[in-house]
>>> print(open('start_35.cif').read())   # mmCIF, C-alpha atoms and all ligand atoms
data_data
loop_
_atom_site.label_atom_id
_atom_site.label_comp_id
_atom_site.auth_asym_id
_atom_site.auth_seq_id
_atom_site.Cartn_x
_atom_site.Cartn_y
_atom_site.Cartn_z
CA MET A 30 80.15 42.92 -15.84
CA TRP A 31 81.47 39.39 -16.17
CA ARG A 32 83.30 38.37 -19.32
CA ALA A 33 83.75 34.79 -20.39
CA ASP A 34 85.97 35.72 -23.30
CA ASP A 35 89.43 35.25 -21.86
CA ARG A 36 88.78 31.98 -20.05
CA ARG A 37 90.07 28.68 -21.34
CA PHE A 38 87.77 26.48 -19.30
CA ILE A 39 84.23 27.12 -18.14
CA PHE A 40 82.25 24.71 -15.96
CA VAL A 41 78.52 25.01 -16.26
CA THR A 42 77.01 23.60 -13.08
CA GLY A 43 73.58 23.44 -11.48
CA LYS A 44 70.89 20.95 -10.72
CA GLY A 45 69.46 18.76 -13.48
CA GLY A 46 66.81 20.48 -15.56
CA VAL A 47 67.70 24.08 -14.68
CA GLY A 48 69.08 24.69 -18.16
CA LYS A 49 72.81 23.84 -18.04
CA THR A 50 72.89 22.48 -21.58
CA THR A 51 70.83 25.38 -22.87
CA VAL A 52 73.19 27.81 -21.15
CA SER A 53 76.26 26.00 -22.51
CA ALA A 54 74.85 26.24 -26.03
CA ALA A 55 73.88 29.91 -25.70
CA LEU A 56 77.27 30.85 -24.23
CA ALA A 57 79.04 28.88 -26.96
CA ARG A 58 76.99 30.73 -29.55
CA ALA A 59 77.90 34.11 -28.03
CA LEU A 60 81.61 33.29 -27.81
CA ALA A 61 81.72 31.87 -31.34
CA GLY A 62 79.99 35.04 -32.54
CA ARG A 63 82.95 36.98 -31.14
CA GLY A 64 85.40 34.80 -33.04
CA LYS A 65 86.24 32.16 -30.42
CA ARG A 66 86.60 28.49 -31.21
CA VAL A 67 84.48 26.75 -28.62
CA LEU A 68 84.18 23.12 -27.60
CA ILE A 69 81.08 22.03 -25.72
CA ALA A 70 81.91 18.91 -23.70
CA MET A 71 78.99 16.92 -22.33
CA CYS A 72 79.37 14.07 -19.88
CA ASN A 73 77.70 10.95 -21.14
CA ALA A 74 74.46 12.89 -21.52
CA LYS A 75 71.29 12.33 -23.46
CA GLU A 76 72.50 15.01 -25.77
CA ARG A 77 70.18 17.71 -27.07
CA VAL A 78 72.89 20.01 -28.35
CA SER A 79 72.33 18.68 -31.86
CA SER A 80 68.76 20.01 -31.87
CA MET A 81 69.98 23.32 -30.42
CA PHE A 82 72.29 23.72 -33.42
CA ALA A 83 70.33 21.65 -35.95
CA SER A 84 73.41 19.47 -36.37
CA PRO A 85 73.91 15.71 -36.68
CA PRO A 86 73.93 13.82 -33.35
CA VAL A 87 76.89 14.37 -31.03
CA GLY A 88 78.74 11.25 -29.89
CA PRO A 89 82.09 10.46 -28.25
CA ASP A 90 84.07 11.94 -31.15
CA ILE A 91 84.32 15.70 -31.58
CA VAL A 92 82.06 17.09 -34.32
CA THR A 93 81.40 20.58 -35.65
CA VAL A 94 77.89 21.69 -34.75
CA ALA A 95 78.03 25.32 -36.00
CA PRO A 96 80.67 27.73 -37.26
CA GLY A 97 83.23 28.03 -34.46
CA ILE A 98 81.41 25.49 -32.28
CA TRP A 99 82.39 21.88 -31.74
CA ALA A 100 80.77 19.37 -29.42
CA VAL A 101 81.53 16.01 -27.89
CA ASN A 102 79.52 13.72 -25.64
CA ILE A 103 82.21 12.11 -23.51
CA GLU A 104 81.76 8.46 -22.58
CA PRO A 105 83.96 7.33 -19.68
CA GLU A 106 85.06 4.04 -21.30
CA HIS A 107 85.91 5.70 -24.56
CA ALA A 108 87.81 8.42 -22.67
CA PHE A 109 89.77 5.80 -20.64
CA GLU A 110 90.92 4.17 -23.82
CA GLU A 111 91.96 7.43 -25.42
CA TYR A 112 93.90 8.30 -22.30
CA GLY A 113 95.46 4.88 -22.23
CA ARG A 114 96.52 5.26 -25.83
CA MET A 115 98.25 8.53 -25.00
CA VAL A 116 99.88 7.35 -21.82
CA LEU A 117 100.88 3.86 -22.94
CA LYS A 118 102.55 4.96 -26.13
CA VAL A 119 103.77 1.45 -27.00
CA PRO A 120 101.55 0.29 -29.88
CA GLY A 121 99.16 -2.38 -28.81
CA LEU A 122 99.99 -2.06 -25.14
CA TYR A 123 96.86 -0.08 -24.43
CA ARG A 124 94.88 -2.92 -25.99
CA VAL A 125 96.49 -5.39 -23.66
CA VAL A 126 95.62 -3.15 -20.75
CA PHE A 127 92.26 -1.73 -21.71
CA HIS A 128 90.81 -4.76 -23.40
CA ASN A 129 91.79 -6.96 -20.49
CA LYS A 130 88.62 -8.37 -18.97
CA TYR A 131 89.80 -7.86 -15.43
CA ILE A 132 90.82 -4.26 -15.99
CA ARG A 133 87.63 -3.50 -17.91
CA SER A 134 85.51 -4.60 -15.00
CA PHE A 135 87.77 -3.02 -12.43
CA LEU A 136 88.30 0.46 -13.88
CA PRO A 137 84.74 1.83 -13.69
CA ALA A 138 84.56 0.69 -10.06
CA VAL A 139 87.51 2.83 -8.95
CA PRO A 140 85.87 5.78 -7.19
CA GLY A 141 86.15 8.93 -9.21
CA LEU A 142 87.94 7.36 -12.14
CA SER A 143 84.98 7.69 -14.52
CA GLU A 144 84.61 11.32 -13.50
CA TRP A 145 88.28 11.94 -14.00
CA ALA A 146 88.26 10.22 -17.39
CA MET A 147 85.58 12.66 -18.56
CA LEU A 148 86.91 15.78 -16.84
CA GLY A 149 90.49 14.92 -17.78
CA LYS A 150 89.50 14.54 -21.41
CA ALA A 151 87.70 17.90 -21.38
CA TRP A 152 90.81 19.50 -19.82
CA PHE A 153 93.09 17.74 -22.30
CA HIS A 154 91.30 19.51 -25.15
CA THR A 155 92.45 22.86 -23.71
CA THR A 156 96.05 21.72 -24.19
CA GLU A 157 95.77 20.69 -27.84
CA VAL A 158 97.40 22.90 -30.48
CA ASP A 159 97.11 23.01 -34.27
CA GLU A 160 100.00 23.03 -36.78
CA GLN A 161 100.57 26.76 -36.21
CA GLY A 162 100.84 26.16 -32.48
CA ARG A 163 97.52 27.90 -31.75
CA PRO A 164 95.17 26.25 -29.29
CA ARG A 165 92.77 23.95 -31.11
CA PHE A 166 89.97 25.46 -28.99
CA ASP A 167 90.02 28.87 -27.34
CA VAL A 168 87.65 27.68 -24.66
CA VAL A 169 86.19 24.40 -23.47
CA LEU A 170 82.71 24.57 -21.92
CA LEU A 171 82.02 21.66 -19.65
CA ASP A 172 78.34 20.90 -19.31
CA ALA A 173 78.55 19.20 -15.93
CA PRO A 174 76.69 15.97 -15.20
CA ALA A 175 73.50 16.35 -13.19
CA THR A 176 74.50 14.19 -10.25
CA GLY A 177 75.88 16.20 -7.35
CA HIS A 178 75.70 19.27 -9.62
CA GLY A 179 78.95 18.04 -11.11
CA LEU A 180 80.74 18.82 -7.84
CA ASP A 181 81.70 15.19 -7.34
CA MET A 182 83.48 15.42 -10.63
CA LEU A 183 85.31 18.62 -9.70
CA ARG A 184 86.56 17.08 -6.48
CA VAL A 185 88.39 14.28 -8.25
CA PRO A 186 91.50 16.10 -9.54
CA LYS A 187 91.88 17.73 -6.12
CA VAL A 188 91.85 14.31 -4.48
CA ILE A 189 94.26 12.86 -7.04
CA VAL A 190 96.65 15.77 -6.46
CA GLU A 191 96.43 15.17 -2.72
CA ILE A 192 96.67 11.39 -2.48
CA VAL A 193 97.90 9.71 -5.66
CA PRO A 194 101.65 8.96 -5.79
CA PRO A 195 103.68 10.90 -8.37
CA GLY A 196 103.20 9.63 -11.93
CA ILE A 197 101.42 10.46 -15.12
CA LEU A 198 97.95 10.45 -13.56
CA ARG A 199 99.04 12.80 -10.81
CA ARG A 200 100.98 15.02 -13.23
CA ASP A 201 97.91 15.54 -15.45
CA ALA A 202 95.61 16.08 -12.49
CA GLU A 203 98.04 18.68 -11.16
CA LEU A 204 98.13 20.50 -14.48
CA ALA A 205 94.36 20.39 -14.74
CA TRP A 206 93.87 21.53 -11.15
CA LYS A 207 96.28 24.40 -11.74
CA MET A 208 94.12 25.58 -14.63
CA PHE A 209 90.82 25.01 -12.81
CA THR A 210 91.89 27.04 -9.79
CA ASP A 211 93.29 29.93 -11.84
CA PRO A 212 90.65 32.71 -12.12
CA ARG A 213 92.31 34.06 -15.26
CA GLN A 214 91.77 30.77 -17.05
CA THR A 215 88.73 29.15 -15.49
CA ALA A 216 85.28 30.16 -14.36
CA VAL A 217 82.43 28.22 -12.84
CA LEU A 218 78.97 29.30 -13.95
CA VAL A 219 76.14 28.30 -11.69
CA VAL A 220 72.76 27.96 -13.35
CA SER A 221 69.61 28.44 -11.32
CA LEU A 222 65.90 29.12 -11.67
CA PRO A 223 64.09 32.03 -9.98
CA GLU A 224 62.17 29.67 -7.68
CA GLU A 225 62.36 29.02 -3.97
CA LEU A 226 63.93 25.55 -3.82
CA PRO A 227 66.40 26.02 -6.71
CA VAL A 228 67.58 29.26 -5.08
CA THR A 229 68.26 27.50 -1.78
CA GLU A 230 70.18 24.78 -3.60
CA THR A 231 72.07 27.31 -5.67
CA LEU A 232 73.25 29.22 -2.62
CA GLU A 233 74.51 25.93 -1.13
CA LEU A 234 76.24 25.08 -4.38
CA VAL A 235 77.92 28.48 -4.57
CA ALA A 236 79.15 28.07 -0.98
CA ALA A 237 80.55 24.60 -1.73
CA ILE A 238 82.41 25.80 -4.82
CA ASP A 239 83.73 28.85 -3.04
CA ASP A 240 84.63 27.57 0.45
CA ASP A 241 85.18 23.89 -0.08
CA LEU A 242 86.61 23.51 -3.58
CA ARG A 243 87.93 27.08 -3.83
CA LEU A 244 87.32 27.27 -7.54
CA PRO A 245 86.84 30.64 -9.26
CA LEU A 246 83.15 31.47 -9.63
CA GLY A 247 82.29 33.47 -12.73
CA ALA A 248 78.61 34.33 -12.57
CA LEU A 249 75.20 33.17 -11.61
CA VAL A 250 72.89 32.46 -14.52
CA VAL A 251 69.23 32.75 -13.62
CA ASN A 252 67.33 30.92 -16.31
CA GLY A 253 63.66 31.11 -17.20
CA VAL A 254 62.97 34.60 -15.87
CA LEU A 255 59.42 35.79 -16.57
CA PRO A 256 59.11 39.31 -17.89
CA VAL A 257 57.39 41.43 -15.24
CA LEU A 258 53.96 42.52 -16.46
CA PHE A 259 52.40 43.86 -13.26
CA SER A 260 53.60 46.49 -10.79
CA GLU A 261 53.16 46.04 -7.03
CA ASP A 262 50.06 48.25 -7.12
CA GLU A 263 48.57 46.33 -10.01
CA ALA A 264 49.27 43.03 -8.28
CA ARG A 265 47.42 44.30 -5.21
CA ALA A 266 44.53 45.53 -7.35
CA LEU A 267 44.29 42.15 -9.05
CA SER A 268 44.26 40.30 -5.78
CA THR A 269 41.47 42.61 -4.53
CA ALA A 270 39.57 42.18 -7.79
CA LEU A 271 39.61 38.41 -7.25
CA ASP A 272 37.61 38.90 -4.05
CA THR A 273 35.08 41.17 -5.70
CA GLU A 274 32.49 40.62 -8.31
CA ALA A 275 34.86 40.75 -11.28
CA GLY A 276 36.86 37.79 -10.05
CA ASP A 277 34.40 35.96 -7.83
CA ARG A 278 35.24 32.32 -8.47
CA ALA A 279 31.90 31.19 -7.05
CA GLY A 280 30.10 33.00 -9.84
CA PRO A 281 29.64 31.71 -13.39
CA SER A 282 32.79 31.62 -15.51
CA THR A 283 33.02 34.59 -17.84
CA PRO A 284 35.92 35.73 -20.00
CA ALA A 285 36.35 38.74 -17.70
CA ARG A 286 36.57 36.57 -14.56
CA GLU A 287 38.95 34.12 -16.26
CA GLY A 288 41.08 37.04 -17.36
CA VAL A 289 41.31 38.52 -13.90
CA ALA A 290 42.10 35.13 -12.37
CA ALA A 291 44.87 34.45 -14.91
CA ALA A 292 46.34 37.92 -14.42
CA ALA A 293 46.22 37.49 -10.64
CA ARG A 294 48.01 34.13 -10.86
CA ARG A 295 50.66 35.65 -13.06
CA ALA A 296 51.09 38.57 -10.63
CA VAL A 297 51.58 36.09 -7.77
CA GLU A 298 54.21 34.21 -9.81
CA GLU A 299 55.99 37.46 -10.51
CA ARG A 300 56.05 38.39 -6.80
CA SER A 301 57.47 35.00 -5.90
CA GLN A 302 60.06 35.31 -8.67
CA ALA A 303 61.06 38.77 -7.36
CA ALA A 304 61.46 37.29 -3.86
CA SER A 305 63.67 34.49 -5.23
CA LEU A 306 65.82 36.93 -7.18
CA ALA A 307 66.17 39.08 -4.07
CA ARG A 308 67.31 36.04 -2.07
CA LEU A 309 69.92 35.27 -4.72
CA THR A 310 71.19 38.84 -4.65
CA GLY A 311 71.26 38.82 -0.86
CA GLY A 312 73.00 35.45 -0.68
CA THR A 313 75.90 36.06 -3.06
CA ASP A 314 77.56 39.03 -4.70
CA LEU A 315 78.30 37.14 -7.91
CA PRO A 316 77.40 38.89 -11.15
CA ARG A 317 73.99 37.78 -12.38
CA ILE A 318 72.95 36.96 -15.90
CA LEU A 319 69.20 36.72 -16.41
CA LEU A 320 67.84 34.60 -19.24
CA PRO A 321 64.21 35.08 -20.24
CA TYR A 322 61.68 32.32 -20.02
CA LEU A 323 60.91 31.31 -23.59
CA PHE A 324 57.37 30.34 -24.40
CA GLU A 325 58.55 28.45 -27.47
CA ASP A 326 60.80 25.35 -27.63
CA ALA A 327 64.15 26.45 -26.19
CA ALA A 328 66.14 23.69 -27.90
CA THR A 329 66.18 25.31 -31.35
CA PRO A 330 68.87 27.36 -33.09
CA ALA A 331 66.60 30.45 -33.02
CA ALA A 332 66.02 30.15 -29.26
CA ILE A 333 69.72 29.58 -28.55
CA GLU A 334 70.56 32.61 -30.70
CA ARG A 335 68.09 34.69 -28.70
CA LEU A 336 69.45 33.55 -25.34
CA SER A 337 73.03 34.08 -26.49
CA ALA A 338 72.41 37.85 -26.55
CA GLN A 339 72.61 37.81 -22.72
CA PHE A 340 76.24 36.64 -22.84
N1 LIG A 401 64.94 29.94 -20.89
C1 LIG A 401 64.18 28.88 -21.15
N2 LIG A 401 62.88 29.03 -21.50
C2 LIG A 401 62.12 27.94 -21.75
N3 LIG A 401 62.55 26.66 -21.69
C3 LIG A 401 63.83 26.45 -21.35
C4 LIG A 401 64.72 27.53 -21.06
N4 LIG A 401 65.93 27.00 -20.75
C5 LIG A 401 65.80 25.66 -20.83
N5 LIG A 401 64.55 25.32 -21.20
C6 LIG A 401 64.05 23.96 -21.41
O1 LIG A 401 64.10 23.28 -20.17
C7 LIG A 401 64.51 21.94 -20.33
C8 LIG A 401 65.78 21.66 -19.51
O2 LIG A 401 66.86 22.42 -20.05
P1 LIG A 401 68.33 21.79 -20.18
O3 LIG A 401 69.21 22.85 -20.75
O4 LIG A 401 68.27 20.49 -20.91
O5 LIG A 401 68.65 21.57 -18.65
P2 LIG A 401 69.84 20.72 -17.96
O6 LIG A 401 70.93 20.57 -18.98
O7 LIG A 401 70.25 21.54 -16.77
O8 LIG A 401 69.25 19.42 -17.54
C9 LIG A 401 64.72 21.74 -21.81
O9 LIG A 401 63.55 21.20 -22.35
C10 LIG A 401 64.95 23.13 -22.31
O10 LIG A 401 64.62 23.29 -23.68
MG MG A 402 71.80 18.85 -19.73
#
>>> encode(input="start_35.cif", output="C-alpha cells", more="lines below")
Ligand SMILES: Nc1ncnc2c1ncn2[C@@H]1O[C@H](COP(=O)(O)OP(=O)(O)O)[C@@H](O)[C@H]1O
Ligand SMILES: [Mg+2]
Amino acid sequence: MWRADDRRFIFVTGKGGVGKTTVSAALARALAGRGKRVLIAMCNAKERVSSMFASPPVGPDIVTVAPGIWAVNIEPEHAFEEYGRMVLKVPGLYRVVFHNKYIRSFLPAVPGLSEWAMLGKAWFHTTEVDEQGRPRFDVVLLDAPATGHGLDMLRVPKVIVEIVPPGILRRDAELAWKMFTDPRQTAVLVVSLPEELPVTETLELVAAIDDDLRLPLGALVVNGVLPVLFSEDEARALSTALDTEAGDRAGPSTPAREGVAAAARRAVEERSQAASLARLTGGTDLPRILLPYLFEDAATPAAIERLSAQF
C-alpha cells in the first residue's frame, strides 16, 4: 500500500488528457481530508481545477480552492519576477533587471529556464513557513505540463546542478534536487489509462523516471477503469450470440439484437482493458491505484470527492 501522506512534494506526470489534473485534485482532496494543507501547482495550464472545486478561477497567485487546499497556476514570466525579487533583494533592482527589454526577450529563450522558473517556484513553496515556523503547506502537488510528460521539466534542476557554476541558481537547484531525489520527501505518480498505447507510453515513462532521472516513483494511477460486467464465459457467450440469430447484424434491428451487440462490444472493451492492466502489472512492480471511469462530468466537486476515496 502506497501512502502519499508523509511526502512534501508529489509530481503528477503522464501524457496529456490521461487525467493528471483530475488525479491531482482527487489526491489533494484525500490529503486535505486527512488534515494536510495541500498546494496544487499547475504549470501555465488552461486550468480546470476551479470547476473541480467550484472555486473562483486560479491564476498566478495562490488562492484557496477548498478547506485545506490551495492552488496556483504558475506562469513562467511571473515566476521569474518573483524569483528575481527574492534573489535581488535590493529594492528596484529586480525591476531594472526583469523589466529590461533585452533581458525580457532573452530569458524565455534560455533552454530550461521557463521550466525551472515554474518547478523552482513549486519547490520554493515547500520551504515556506508560517509565523509558528510550521510549513505553509504540508505537501505541494505538481501537476506536470503535458509536453514530454513533464520529464523535460524534471531534468532541468539535474542539469543546473551538473553544469551551472556555483551561485544562487545552483544552490536552489541543488536544494530542490536533494528533495526531489529523496524517497522520504518526494514521489512521482504516473497517470495512465487502461488502453494499449497509453500503457506502452507509461512503461517507457516509468523506465525514464527510474533509470534515467532516478527519481522516486510512488505509484501508478490507472484512470478511467471500467467496472467489469462480464465474466470470460459470458464474453464468449456474447460473441457467439452475435453470430447467431439473436445478434445477427444482417437481420432487422430489434431491441434484443441491439442489446446483444452493445453487451458484446462492452465485453470486448473489458477484455482489452484486462490485457492492458496485465501488461502494466507485468511491466512494473509499482503499486497501482485504479480510478473508476465516471459516466458523469469528472470535473465537479462530487466527482473529485468520489475519486478521492481511492487515495
Ligand atoms: N475517471 C474519469 N472518468 C471520466 N472522465 C474523466 C476521468 N478522469 C478524467 N476525466 C476527464 O477527462 C478529461 C481529461 O482529464 P484531465 O484531468 O484534464 O487530464 P490531463 O490533466 O492529464 O490533461 C477531462 O475532461 C476530465 O474531466
Ligand atoms: Mg491537466
>>> residues_near_ligand(input="start_35.cif", ligand="ligand LIG 401 (chain A)", cutoff="6 Å", atoms="only C-alpha atoms and all ligand atoms", output="NGL selection string")
:A and (45-51 or 252-253 or 320-324 or 326-328)
>>> residues_near_point(input="start_35.cif", point="(73.1, 27.6, -5.9)", cutoff="6 Å", atoms="all atoms listed in the file", output="ChimeraX atom specification")
/A:228,230-235
>>> closest_residue(input="start_35.cif", among="A:Asp172, A:Pro85, A:Trp31, A:Asn129", to="ligand MG 402 (chain A)", atoms="all atoms listed in the file")
A:Asp172
>>> residues_around(input="start_35.cif", residues="Met71 of chain A", least_positions_apart="3", cutoff="9 Å", atoms="all atoms listed in the file", output="list in words")
Thr50, Ala74, Glu76, Ala100, Val101, Asn102, Ile103, Glu104, Met147, Ala151, Leu170, Leu171, Asp172, Ala173 and Pro174 of chain A
>>> closest_residue(input="start_35.cif", among="A:Met182, A:Ala33, A:Leu258, A:Val193", to="Arg294 of chain A", atoms="all atoms listed in the file")
A:Leu258
>>> residues_around(input="start_35.cif", residues="Leu142 of chain A", least_positions_apart="5", cutoff="10 Å", atoms="all atoms listed in the file", output="list in words")
Pro105, Phe109, Leu136, Pro137, Met147, Leu148, Gly149, Met182, Val185, Pro186 and Ile189 of chain A
>>> write_last_selection(input="start_35.cif", atoms="C-alpha atoms", output="mmCIF file, in the coordinates of the input")
data_model
loop_
_atom_site.group_PDB
_atom_site.id
_atom_site.type_symbol
_atom_site.label_atom_id
_atom_site.label_comp_id
_atom_site.auth_asym_id
_atom_site.auth_seq_id
_atom_site.Cartn_x
_atom_site.Cartn_y
_atom_site.Cartn_z
ATOM 1 C CA PRO A 105 83.960 7.330 -19.680
ATOM 2 C CA PHE A 109 89.770 5.800 -20.640
ATOM 3 C CA LEU A 136 88.300 0.460 -13.880
ATOM 4 C CA PRO A 137 84.740 1.830 -13.690
ATOM 5 C CA MET A 147 85.580 12.660 -18.560
ATOM 6 C CA LEU A 148 86.910 15.780 -16.840
ATOM 7 C CA GLY A 149 90.490 14.920 -17.780
ATOM 8 C CA MET A 182 83.480 15.420 -10.630
ATOM 9 C CA VAL A 185 88.390 14.280 -8.250
ATOM 10 C CA PRO A 186 91.500 16.100 -9.540
ATOM 11 C CA ILE A 189 94.260 12.860 -7.040
#
>>> closest_residue(input="start_35.cif", among="A:Gln214, A:Thr176, A:Ser134, A:Thr155", to="ligand MG 402 (chain A)", atoms="only C-alpha atoms and all ligand atoms")
A:Thr176
>>> atom_distance(input="start_35.cif", atom1="atom CA of Val41 of chain A", atom2="atom CA of Ile98 of chain A")
16.3 Å
>>> closest_residue(input="start_35.cif", among="A:Ala54, A:Gly88, A:Gly43, A:Ser268", to="Pro330 of chain A", atoms="only C-alpha atoms")
A:Ala54
>>> closest_residue(input="start_35.cif", among="A:Pro194, A:Gly162, A:Gly113, A:Gly64", to="Pro96 of chain A", atoms="only C-alpha atoms")
A:Gly64
>>> axis_aligned_box(input="start_35.cif", around="segment 94-98 of chain A", padding_each_side="6 Å", output="lines of an AutoDock Vina configuration file")
center_x = 80.6
center_y = 24.9
center_z = -34.8
size_x = 17.3
size_y = 18.3
size_z = 17.0
>>> closest_residue(input="start_35.cif", among="A:Pro245, A:Gly179, A:Pro89, A:Gly311", to="ligand MG 402 (chain A)", atoms="all atoms listed in the file")
A:Gly179
>>> residues_near_point(input="start_35.cif", point="(70.9, 32.5, -33.7)", cutoff="10 Å", atoms="only C-alpha atoms", output="PDB file with C-alpha atoms, in the frame of the given file")
ATOM      1  CA  ALA A  55      73.880  29.910 -25.700  1.00  0.00           C
ATOM      2  CA  ARG A  58      76.990  30.730 -29.550  1.00  0.00           C
ATOM      3  CA  ALA A  59      77.900  34.110 -28.030  1.00  0.00           C
ATOM      4  CA  GLY A  62      79.990  35.040 -32.540  1.00  0.00           C
ATOM      5  CA  MET A  81      69.980  23.320 -30.420  1.00  0.00           C
ATOM      6  CA  PHE A  82      72.290  23.720 -33.420  1.00  0.00           C
ATOM      7  CA  THR A 329      66.180  25.310 -31.350  1.00  0.00           C
ATOM      8  CA  PRO A 330      68.870  27.360 -33.090  1.00  0.00           C
ATOM      9  CA  ALA A 331      66.600  30.450 -33.020  1.00  0.00           C
ATOM     10  CA  ALA A 332      66.020  30.150 -29.260  1.00  0.00           C
ATOM     11  CA  ILE A 333      69.720  29.580 -28.550  1.00  0.00           C
ATOM     12  CA  GLU A 334      70.560  32.610 -30.700  1.00  0.00           C
ATOM     13  CA  ARG A 335      68.090  34.690 -28.700  1.00  0.00           C
ATOM     14  CA  LEU A 336      69.450  33.550 -25.340  1.00  0.00           C
ATOM     15  CA  SER A 337      73.030  34.080 -26.490  1.00  0.00           C
ATOM     16  CA  ALA A 338      72.410  37.850 -26.550  1.00  0.00           C
TER      17      ALA A 338
END
>>> atom_distance(input="start_35.cif", atom1="atom CA of Asp211 of chain A", atom2="atom CA of Ala61 of chain A")
22.8 Å
>>> atom_distance(input="start_35.cif", atom1="atom CA of Glu299 of chain A", atom2="atom CA of Ala248 of chain A")
22.9 Å
>>> residues_around(input="start_35.cif", residues="Ala290 of chain A", least_positions_apart="2", cutoff="9 Å", atoms="all atoms listed in the file", output="list in words")
Leu267, Ser268, Ala270, Leu271, Gly276, Asp277, Arg278, Ala285, Arg286, Glu287, Gly288, Ala292, Ala293, Arg294 and Arg295 of chain A
